[in-house]
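Colleague: Before anything else, here's the structure in question.
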There are 2 protein chains.
Amino acid sequence: MRVINRDNAQLTRSGCVDVTRWEQFGLDSELPFKAMWYSVPPNSSSPPDQHPEVELSLVITGTANVEVGGEITQVTSGDAFVVMTDEEHTVHNNSHDGTLLIYSSYWMPVENV
Amino acid sequence: MRVINRDNAQLTRSGCVDVTRWEQFGLDSELPFKAMWYSVPPNSSSPPDQHPEVELSLVITGTANVEVGGEITQVTSGDAFVVMTDEEHTVHNNSHDGTLLIYSSYWMPVENV
């Protein structure tokens, strides 16, 4: 059993978003996907993102307002959202005081691997 | 973009644990793993479990006391734990009043697929 812990993990920055990439935990050979945590500060948004990988995100803390194709969908703590290949997406945190924390896993779609 | 929502989803029971299996969301062809949410009531434990799949669990709400090989490790909200092939594991919720909510994903190890 292994615990994967955010404390003291190495962060990178993407716009105002803190990203904790799981590559640093040496689990790559165990997982059939890549993973990260990212946090969006209050009143902030992630940079728009678009990639060939399918991405499954799980909201841990806060409420994500996920913008895809000009439409915004609210996803609350505990729920998940899946972004398909090449869908441009932006994650807004409309809270005035709470950080939005998300776990994300992503992989190349099976037909393109 | 698709939202995967726990509300109104179909539950199954394993001991005192409520399980929401993701098969019902019709995403099987998109995901290189299976997934579920499960919740452990206060002062309760999951039934001991053991399987060939590697299992990555993410604690959404509460604190998991994960027992493997007689050793108990605390995993707090936002953190994750990985159980390897055939490791027997039991998840205890020692809280007196809070439900423990976990997202779990699991897959056959690459060498056995």
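Every chain in the structure tokens takes a letter, A first, then B, and so on in the order presented; its residues are numbered from 1, and the ligands are numbered from 1 following the presented order.
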Provide as number ranges by chain the residues of chain A at most 9 Å from chain B, counting only C-alpha atoms.
Modeller: A: 1-7, 29-33, 37, 54, 56, 58-61, 66, 68, 73-84, 87, 89, 101-103, 107, 109-110
Colleague: What would the file look like if the residues just selected were written as a compact mmCIF listing (two decimals), in the first residue's frame with N, CA and C atoms?
Modeller:
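Final output, part12.txt:
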# COMPACT_ATOMS: atom_id res chain seq x y z
N MET A 1 0.85 -1.20 0.00
CA MET A 1 0.00 0.00 0.00
C MET A 1 0.89 1.25 0.00
N ARG A 2 0.48 2.20 -0.79
CA ARG A 2 1.23 3.46 -0.83
C ARG A 2 0.29 4.64 -0.69
N VAL A 3 0.68 5.60 0.13
CA VAL A 3 -0.10 6.83 0.26
C VAL A 3 0.52 7.88 -0.66
N ILE A 4 -0.33 8.57 -1.40
CA ILE A 4 0.12 9.66 -2.27
C ILE A 4 -0.36 10.95 -1.63
N ASN A 5 0.61 11.75 -1.24
CA ASN A 5 0.37 12.86 -0.34
C ASN A 5 0.68 14.20 -1.02
N ARG A 6 -0.22 15.15 -0.90
CA ARG A 6 0.02 16.46 -1.51
C ARG A 6 1.02 17.30 -0.72
N ASP A 7 1.07 17.09 0.60
CA ASP A 7 1.96 17.90 1.44
C ASP A 7 3.41 17.71 0.98
N SER A 29 4.64 3.26 -13.85
CA SER A 29 4.51 1.91 -14.40
C SER A 29 3.28 1.19 -13.83
N GLU A 30 2.71 1.72 -12.76
CA GLU A 30 1.53 1.09 -12.14
C GLU A 30 0.21 1.60 -12.71
N LEU A 31 0.20 2.83 -13.21
CA LEU A 31 -1.05 3.48 -13.60
C LEU A 31 -1.26 3.48 -15.11
N PRO A 32 -2.45 3.15 -15.60
CA PRO A 32 -2.73 3.22 -17.04
C PRO A 32 -3.19 4.62 -17.46
N PHE A 33 -2.78 5.63 -16.70
CA PHE A 33 -3.13 7.02 -16.99
C PHE A 33 -2.12 7.91 -16.27
N TRP A 37 -3.01 16.78 -9.19
CA TRP A 37 -3.97 17.64 -8.51
C TRP A 37 -3.75 19.05 -9.04
N VAL A 54 -8.12 12.22 -23.23
CA VAL A 54 -9.37 12.28 -22.48
C VAL A 54 -9.00 12.61 -21.04
N LEU A 56 -10.42 12.91 -17.04
CA LEU A 56 -11.44 12.73 -16.00
C LEU A 56 -11.02 13.54 -14.78
N LEU A 58 -12.10 15.06 -10.92
CA LEU A 58 -12.95 14.86 -9.76
C LEU A 58 -12.80 16.07 -8.85
N VAL A 59 -13.92 16.71 -8.52
CA VAL A 59 -13.86 17.89 -7.66
C VAL A 59 -13.74 17.44 -6.21
N ILE A 60 -12.65 17.80 -5.55
CA ILE A 60 -12.44 17.42 -4.16
C ILE A 60 -13.03 18.48 -3.23
N THR A 61 -12.63 19.73 -3.44
CA THR A 61 -13.08 20.82 -2.58
C THR A 61 -13.55 21.98 -3.44
N VAL A 66 -17.28 24.68 -15.16
CA VAL A 66 -16.49 24.18 -16.27
C VAL A 66 -17.05 24.74 -17.57
N VAL A 68 -17.03 24.84 -21.57
CA VAL A 68 -16.70 24.13 -22.81
C VAL A 68 -17.63 24.64 -23.89
N THR A 73 -20.95 24.64 -16.94
CA THR A 73 -21.64 23.62 -16.16
C THR A 73 -21.03 23.58 -14.76
N GLN A 74 -21.90 23.58 -13.76
CA GLN A 74 -21.42 23.52 -12.38
C GLN A 74 -21.19 22.08 -11.95
N VAL A 75 -20.04 21.82 -11.36
CA VAL A 75 -19.73 20.49 -10.84
C VAL A 75 -19.31 20.66 -9.38
N THR A 76 -20.07 20.04 -8.49
CA THR A 76 -19.83 20.25 -7.06
C THR A 76 -18.92 19.16 -6.47
N SER A 77 -18.48 19.41 -5.26
CA SER A 77 -17.54 18.52 -4.57
C SER A 77 -18.04 17.07 -4.58
N GLY A 78 -17.15 16.15 -4.97
CA GLY A 78 -17.48 14.74 -5.01
C GLY A 78 -17.88 14.27 -6.39
N ASP A 79 -18.39 15.19 -7.22
CA ASP A 79 -18.78 14.81 -8.58
C ASP A 79 -17.60 14.94 -9.54
N ALA A 80 -17.79 14.41 -10.75
CA ALA A 80 -16.69 14.34 -11.70
C ALA A 80 -17.13 14.88 -13.05
N PHE A 81 -16.17 15.23 -13.90
CA PHE A 81 -16.49 15.57 -15.29
C PHE A 81 -15.42 15.01 -16.21
N VAL A 82 -15.87 14.64 -17.40
CA VAL A 82 -14.97 14.05 -18.39
C VAL A 82 -14.91 14.98 -19.59
N VAL A 83 -13.69 15.39 -19.95
CA VAL A 83 -13.48 16.22 -21.13
C VAL A 83 -12.92 15.33 -22.23
N MET A 84 -13.54 15.36 -23.40
CA MET A 84 -13.14 14.49 -24.49
C MET A 84 -11.98 15.09 -25.29
N GLU A 87 -11.48 18.90 -26.79
CA GLU A 87 -12.47 19.87 -26.28
C GLU A 87 -11.73 20.96 -25.49
N HIS A 89 -11.34 23.60 -22.75
CA HIS A 89 -12.04 23.71 -21.47
C HIS A 89 -11.31 24.68 -20.54
N LEU A 101 -10.18 22.61 -5.44
CA LEU A 101 -9.15 21.56 -5.57
C LEU A 101 -9.70 20.42 -6.41
N ILE A 102 -8.94 20.05 -7.42
CA ILE A 102 -9.39 19.02 -8.37
C ILE A 102 -8.32 17.94 -8.52
N TYR A 103 -8.76 16.68 -8.58
CA TYR A 103 -7.91 15.57 -8.98
C TYR A 103 -8.21 15.28 -10.44
N TRP A 107 -5.48 10.37 -20.28
CA TRP A 107 -4.88 9.28 -21.06
C TRP A 107 -5.24 9.48 -22.51
N PRO A 109 -6.89 8.44 -25.89
CA PRO A 109 -8.03 7.56 -26.17
C PRO A 109 -7.54 6.25 -26.77
N VAL A 110 -8.24 5.18 -26.45
CA VAL A 110 -7.77 3.82 -26.78
C VAL A 110 -7.43 3.70 -28.27
Colleague: Pick out the residues sitting within 7 Å of stretch 38-45 of chain B, and hand them over as an MDAnalysis selection string; count only C-alpha atoms, and ignore anything fewer than 5 positions along from it in its own chain.
Modeller: chainID B and resid 16:20 90:103
Colleague: For those residues, write N, CA and C atoms to a file as a PDB file, in the first residue's frame.
Modeller:
ATOM      1  N   CYS B  16     -21.900  -2.491   5.232  1.00  0.00           N
ATOM      2  CA  CYS B  16     -22.579  -1.222   5.517  1.00  0.00           C
ATOM      3  C   CYS B  16     -22.151  -0.129   4.542  1.00  0.00           C
ATOM      4  N   VAL B  17     -21.426  -0.512   3.510  1.00  0.00           N
ATOM      5  CA  VAL B  17     -20.857   0.457   2.580  1.00  0.00           C
ATOM      6  C   VAL B  17     -21.786   0.634   1.372  1.00  0.00           C
ATOM      7  N   ASP B  18     -22.086   1.885   1.036  1.00  0.00           N
ATOM      8  CA  ASP B  18     -22.845   2.192  -0.183  1.00  0.00           C
ATOM      9  C   ASP B  18     -21.878   2.363  -1.340  1.00  0.00           C
ATOM     10  N   VAL B  19     -22.142   1.654  -2.427  1.00  0.00           N
ATOM     11  CA  VAL B  19     -21.237   1.678  -3.579  1.00  0.00           C
ATOM     12  C   VAL B  19     -21.989   2.214  -4.798  1.00  0.00           C
ATOM     13  N   THR B  20     -21.406   3.185  -5.478  1.00  0.00           N
ATOM     14  CA  THR B  20     -21.953   3.718  -6.731  1.00  0.00           C
ATOM     15  C   THR B  20     -20.993   3.337  -7.848  1.00  0.00           C
ATOM     16  N   THR B  90      -8.733  -3.114   4.358  1.00  0.00           N
ATOM     17  CA  THR B  90      -9.982  -2.738   5.023  1.00  0.00           C
ATOM     18  C   THR B  90      -9.901  -1.242   5.290  1.00  0.00           C
ATOM     19  N   VAL B  91     -11.014  -0.550   5.058  1.00  0.00           N
ATOM     20  CA  VAL B  91     -11.015   0.901   5.258  1.00  0.00           C
ATOM     21  C   VAL B  91     -11.931   1.234   6.436  1.00  0.00           C
ATOM     22  N   HIS B  92     -11.346   1.810   7.470  1.00  0.00           N
ATOM     23  CA  HIS B  92     -12.094   2.164   8.677  1.00  0.00           C
ATOM     24  C   HIS B  92     -12.425   3.648   8.675  1.00  0.00           C
ATOM     25  N   ASN B  93     -13.642   3.961   9.065  1.00  0.00           N
ATOM     26  CA  ASN B  93     -14.034   5.347   9.316  1.00  0.00           C
ATOM     27  C   ASN B  93     -14.218   5.506  10.821  1.00  0.00           C
ATOM     28  N   ASN B  94     -13.238   6.126  11.472  1.00  0.00           N
ATOM     29  CA  ASN B  94     -13.267   6.263  12.929  1.00  0.00           C
ATOM     30  C   ASN B  94     -14.032   7.500  13.396  1.00  0.00           C
ATOM     31  N   SER B  95     -14.555   8.269  12.458  1.00  0.00           N
ATOM     32  CA  SER B  95     -15.315   9.460  12.841  1.00  0.00           C
ATOM     33  C   SER B  95     -16.614   9.049  13.524  1.00  0.00           C
ATOM     34  N   HIS B  96     -17.033   9.839  14.502  1.00  0.00           N
ATOM     35  CA  HIS B  96     -18.273   9.543  15.200  1.00  0.00           C
ATOM     36  C   HIS B  96     -19.490  10.088  14.460  1.00  0.00           C
ATOM     37  N   ASP B  97     -19.267  11.054  13.569  1.00  0.00           N
ATOM     38  CA  ASP B  97     -20.441  11.685  12.950  1.00  0.00           C
ATOM     39  C   ASP B  97     -20.307  11.954  11.452  1.00  0.00           C
ATOM     40  N   GLY B  98     -19.128  11.775  10.888  1.00  0.00           N
ATOM     41  CA  GLY B  98     -18.968  12.119   9.476  1.00  0.00           C
ATOM     42  C   GLY B  98     -18.825  10.887   8.586  1.00  0.00           C
ATOM     43  N   THR B  99     -19.507  10.921   7.440  1.00  0.00           N
ATOM     44  CA  THR B  99     -19.365   9.844   6.460  1.00  0.00           C
ATOM     45  C   THR B  99     -18.025   9.992   5.734  1.00  0.00           C
ATOM     46  N   LEU B 100     -17.400   8.867   5.459  1.00  0.00           N
ATOM     47  CA  LEU B 100     -16.155   8.836   4.685  1.00  0.00           C
ATOM     48  C   LEU B 100     -16.513   8.544   3.231  1.00  0.00           C
ATOM     49  N   LEU B 101     -16.161   9.455   2.329  1.00  0.00           N
ATOM     50  CA  LEU B 101     -16.491   9.279   0.908  1.00  0.00           C
ATOM     51  C   LEU B 101     -15.208   9.110   0.103  1.00  0.00           C
ATOM     52  N   ILE B 102     -15.163   8.065  -0.683  1.00  0.00           N
ATOM     53  CA  ILE B 102     -13.950   7.729  -1.444  1.00  0.00           C
ATOM     54  C   ILE B 102     -14.297   7.506  -2.913  1.00  0.00           C
ATOM     55  N   TYR B 103     -13.440   8.030  -3.789  1.00  0.00           N
ATOM     56  CA  TYR B 103     -13.481   7.697  -5.218  1.00  0.00           C
ATOM     57  C   TYR B 103     -12.420   6.633  -5.451  1.00  0.00           C
TER      58      TYR B 103
END
Colleague: May I ask which of the residues A:Leu11, A:Ser104, A:Ala64, A:Asp86 is the closest one to A:Asp49, counting only C-alpha atoms?
Modeller: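 For A:Asp49, the nearest of the candidates is A:Asp86.
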Colleague: Would you return as a PDB file with N, CA and C atoms, in the first residue's frame the members of stretch 13-88 of chain B that DSSP assigns to strand (DSSP E or B) on this structure's backbone?
Modeller:
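After the write, part-v3.pdb holds the following:
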ATOM      1  N   ARG B  13     -24.942  -2.328  -2.160  1.00  0.00           N
ATOM      2  CA  ARG B  13     -24.468  -2.387  -0.782  1.00  0.00           C
ATOM      3  C   ARG B  13     -23.421  -3.465  -0.642  1.00  0.00           C
ATOM      4  N   SER B  14     -22.365  -3.178   0.117  1.00  0.00           N
ATOM      5  CA  SER B  14     -21.380  -4.190   0.467  1.00  0.00           C
ATOM      6  C   SER B  14     -21.136  -4.023   1.970  1.00  0.00           C
ATOM      7  N   VAL B  17     -21.426  -0.512   3.510  1.00  0.00           N
ATOM      8  CA  VAL B  17     -20.857   0.457   2.580  1.00  0.00           C
ATOM      9  C   VAL B  17     -21.786   0.634   1.372  1.00  0.00           C
ATOM     10  N   ASP B  18     -22.086   1.885   1.036  1.00  0.00           N
ATOM     11  CA  ASP B  18     -22.845   2.192  -0.183  1.00  0.00           C
ATOM     12  C   ASP B  18     -21.878   2.363  -1.340  1.00  0.00           C
ATOM     13  N   VAL B  19     -22.142   1.654  -2.427  1.00  0.00           N
ATOM     14  CA  VAL B  19     -21.237   1.678  -3.579  1.00  0.00           C
ATOM     15  C   VAL B  19     -21.989   2.214  -4.798  1.00  0.00           C
ATOM     16  N   THR B  20     -21.406   3.185  -5.478  1.00  0.00           N
ATOM     17  CA  THR B  20     -21.953   3.718  -6.731  1.00  0.00           C
ATOM     18  C   THR B  20     -20.993   3.337  -7.848  1.00  0.00           C
ATOM     19  N   ARG B  21     -21.318   2.279  -8.561  1.00  0.00           N
ATOM     20  CA  ARG B  21     -20.410   1.803  -9.621  1.00  0.00           C
ATOM     21  C   ARG B  21     -20.604   2.616 -10.893  1.00  0.00           C
ATOM     22  N   LYS B  34     -11.833   0.813 -14.288  1.00  0.00           N
ATOM     23  CA  LYS B  34     -13.181   0.899 -13.747  1.00  0.00           C
ATOM     24  C   LYS B  34     -13.170   1.859 -12.567  1.00  0.00           C
ATOM     25  N   ALA B  35     -14.343   2.316 -12.189  1.00  0.00           N
ATOM     26  CA  ALA B  35     -14.376   3.305 -11.116  1.00  0.00           C
ATOM     27  C   ALA B  35     -15.665   3.181 -10.321  1.00  0.00           C
ATOM     28  N   MET B  36     -15.612   3.713  -9.111  1.00  0.00           N
ATOM     29  CA  MET B  36     -16.805   3.758  -8.256  1.00  0.00           C
ATOM     30  C   MET B  36     -16.581   4.819  -7.184  1.00  0.00           C
ATOM     31  N   TRP B  37     -17.684   5.244  -6.576  1.00  0.00           N
ATOM     32  CA  TRP B  37     -17.605   5.935  -5.301  1.00  0.00           C
ATOM     33  C   TRP B  37     -18.058   4.957  -4.229  1.00  0.00           C
ATOM     34  N   TYR B  38     -17.507   5.063  -3.037  1.00  0.00           N
ATOM     35  CA  TYR B  38     -18.123   4.327  -1.942  1.00  0.00           C
ATOM     36  C   TYR B  38     -18.062   5.157  -0.671  1.00  0.00           C
ATOM     37  N   SER B  39     -19.072   4.956   0.166  1.00  0.00           N
ATOM     38  CA  SER B  39     -19.126   5.724   1.409  1.00  0.00           C
ATOM     39  C   SER B  39     -19.215   4.775   2.603  1.00  0.00           C
ATOM     40  N   VAL B  40     -18.417   5.085   3.612  1.00  0.00           N
ATOM     41  CA  VAL B  40     -18.368   4.289   4.838  1.00  0.00           C
ATOM     42  C   VAL B  40     -18.992   5.137   5.950  1.00  0.00           C
ATOM     43  N   SER B  44     -17.624   2.839  11.318  1.00  0.00           N
ATOM     44  CA  SER B  44     -17.827   1.624  10.529  1.00  0.00           C
ATOM     45  C   SER B  44     -16.587   1.317   9.698  1.00  0.00           C
ATOM     46  N   SER B  45     -16.597   0.123   9.129  1.00  0.00           N
ATOM     47  CA  SER B  45     -15.484  -0.323   8.296  1.00  0.00           C
ATOM     48  C   SER B  45     -16.031  -0.988   7.037  1.00  0.00           C
ATOM     49  N   ASP B  49     -11.250  -6.624   1.733  1.00  0.00           N
ATOM     50  CA  ASP B  49     -11.319  -6.842   0.286  1.00  0.00           C
ATOM     51  C   ASP B  49      -9.932  -7.238  -0.227  1.00  0.00           C
ATOM     52  N   VAL B  54      -5.080  -3.571  -9.348  1.00  0.00           N
ATOM     53  CA  VAL B  54      -4.490  -2.447  -8.625  1.00  0.00           C
ATOM     54  C   VAL B  54      -5.607  -1.434  -8.398  1.00  0.00           C
ATOM     55  N   GLU B  55      -5.641  -0.824  -7.211  1.00  0.00           N
ATOM     56  CA  GLU B  55      -6.738   0.106  -6.893  1.00  0.00           C
ATOM     57  C   GLU B  55      -6.189   1.429  -6.369  1.00  0.00           C
ATOM     58  N   LEU B  56      -6.570   2.493  -7.050  1.00  0.00           N
ATOM     59  CA  LEU B  56      -6.205   3.837  -6.603  1.00  0.00           C
ATOM     60  C   LEU B  56      -7.434   4.488  -5.997  1.00  0.00           C
ATOM     61  N   SER B  57      -7.337   4.871  -4.729  1.00  0.00           N
ATOM     62  CA  SER B  57      -8.466   5.493  -4.027  1.00  0.00           C
ATOM     63  C   SER B  57      -8.111   6.915  -3.649  1.00  0.00           C
ATOM     64  N   LEU B  58      -9.081   7.784  -3.782  1.00  0.00           N
ATOM     65  CA  LEU B  58      -8.885   9.181  -3.435  1.00  0.00           C
ATOM     66  C   LEU B  58      -9.913   9.538  -2.362  1.00  0.00           C
ATOM     67  N   VAL B  59      -9.445  10.064  -1.249  1.00  0.00           N
ATOM     68  CA  VAL B  59     -10.367  10.427  -0.170  1.00  0.00           C
ATOM     69  C   VAL B  59     -10.984  11.786  -0.493  1.00  0.00           C
ATOM     70  N   ILE B  60     -12.302  11.809  -0.633  1.00  0.00           N
ATOM     71  CA  ILE B  60     -12.994  13.069  -0.944  1.00  0.00           C
ATOM     72  C   ILE B  60     -13.401  13.765   0.349  1.00  0.00           C
ATOM     73  N   THR B  61     -14.104  13.053   1.216  1.00  0.00           N
ATOM     74  CA  THR B  61     -14.587  13.633   2.467  1.00  0.00           C
ATOM     75  C   THR B  61     -14.258  12.699   3.621  1.00  0.00           C
ATOM     76  N   THR B  63     -11.648  11.055   6.784  1.00  0.00           N
ATOM     77  CA  THR B  63     -10.309  10.490   6.929  1.00  0.00           C
ATOM     78  C   THR B  63     -10.425   8.978   6.882  1.00  0.00           C
ATOM     79  N   ALA B  64      -9.657   8.355   5.996  1.00  0.00           N
ATOM     80  CA  ALA B  64      -9.647   6.893   5.893  1.00  0.00           C
ATOM     81  C   ALA B  64      -8.531   6.332   6.762  1.00  0.00           C
ATOM     82  N   ASN B  65      -8.842   5.321   7.549  1.00  0.00           N
ATOM     83  CA  ASN B  65      -7.815   4.551   8.240  1.00  0.00           C
ATOM     84  C   ASN B  65      -7.705   3.224   7.500  1.00  0.00           C
ATOM     85  N   VAL B  66      -6.661   3.121   6.707  1.00  0.00           N
ATOM     86  CA  VAL B  66      -6.527   2.007   5.773  1.00  0.00           C
ATOM     87  C   VAL B  66      -5.663   0.921   6.411  1.00  0.00           C
ATOM     88  N   GLU B  67      -6.258  -0.265   6.565  1.00  0.00           N
ATOM     89  CA  GLU B  67      -5.550  -1.380   7.199  1.00  0.00           C
ATOM     90  C   GLU B  67      -5.081  -2.372   6.138  1.00  0.00           C
ATOM     91  N   VAL B  68      -3.784  -2.578   6.109  1.00  0.00           N
ATOM     92  CA  VAL B  68      -3.172  -3.567   5.208  1.00  0.00           C
ATOM     93  C   VAL B  68      -2.120  -4.319   6.009  1.00  0.00           C
ATOM     94  N   GLU B  71      -1.381  -3.270   9.595  1.00  0.00           N
ATOM     95  CA  GLU B  71      -0.892  -1.907   9.834  1.00  0.00           C
ATOM     96  C   GLU B  71      -1.934  -0.903   9.345  1.00  0.00           C
ATOM     97  N   ILE B  72      -2.163   0.139  10.141  1.00  0.00           N
ATOM     98  CA  ILE B  72      -3.180   1.135   9.777  1.00  0.00           C
ATOM     99  C   ILE B  72      -2.521   2.457   9.420  1.00  0.00           C
ATOM    100  N   THR B  73      -2.906   3.000   8.274  1.00  0.00           N
ATOM    101  CA  THR B  73      -2.351   4.267   7.803  1.00  0.00           C
ATOM    102  C   THR B  73      -3.482   5.255   7.586  1.00  0.00           C
ATOM    103  N   GLN B  74      -3.308   6.462   8.127  1.00  0.00           N
ATOM    104  CA  GLN B  74      -4.330   7.496   7.964  1.00  0.00           C
ATOM    105  C   GLN B  74      -4.161   8.225   6.635  1.00  0.00           C
ATOM    106  N   VAL B  75      -5.255   8.367   5.918  1.00  0.00           N
ATOM    107  CA  VAL B  75      -5.220   9.122   4.659  1.00  0.00           C
ATOM    108  C   VAL B  75      -6.323  10.167   4.728  1.00  0.00           C
ATOM    109  N   THR B  76      -5.932  11.426   4.643  1.00  0.00           N
ATOM    110  CA  THR B  76      -6.888  12.513   4.847  1.00  0.00           C
ATOM    111  C   THR B  76      -7.459  13.007   3.522  1.00  0.00           C
ATOM    112  N   ALA B  80      -4.447  10.335  -1.552  1.00  0.00           N
ATOM    113  CA  ALA B  80      -4.811   9.107  -2.245  1.00  0.00           C
ATOM    114  C   ALA B  80      -4.009   7.938  -1.688  1.00  0.00           C
ATOM    115  N   PHE B  81      -4.487   6.731  -1.936  1.00  0.00           N
ATOM    116  CA  PHE B  81      -3.687   5.548  -1.616  1.00  0.00           C
ATOM    117  C   PHE B  81      -3.869   4.499  -2.702  1.00  0.00           C
ATOM    118  N   VAL B  82      -2.791   3.747  -2.924  1.00  0.00           N
ATOM    119  CA  VAL B  82      -2.782   2.722  -3.964  1.00  0.00           C
ATOM    120  C   VAL B  82      -2.602   1.369  -3.307  1.00  0.00           C
ATOM    121  N   VAL B  83      -3.540   0.456  -3.562  1.00  0.00           N
ATOM    122  CA  VAL B  83      -3.450  -0.907  -3.057  1.00  0.00           C
ATOM    123  C   VAL B  83      -3.012  -1.807  -4.213  1.00  0.00           C
TER     124      VAL B  83
END
Colleague: Would you mind reading off the distance between atom CA of A:Asp28 and atom CA of A:Gly62, one decimal, in Å?
Modeller: 28.2 Å
Colleague: So what do you get for atom CA of A:His51 versus atom CA of A:Gly15, distance-wise?
Modeller: 17.0 Å
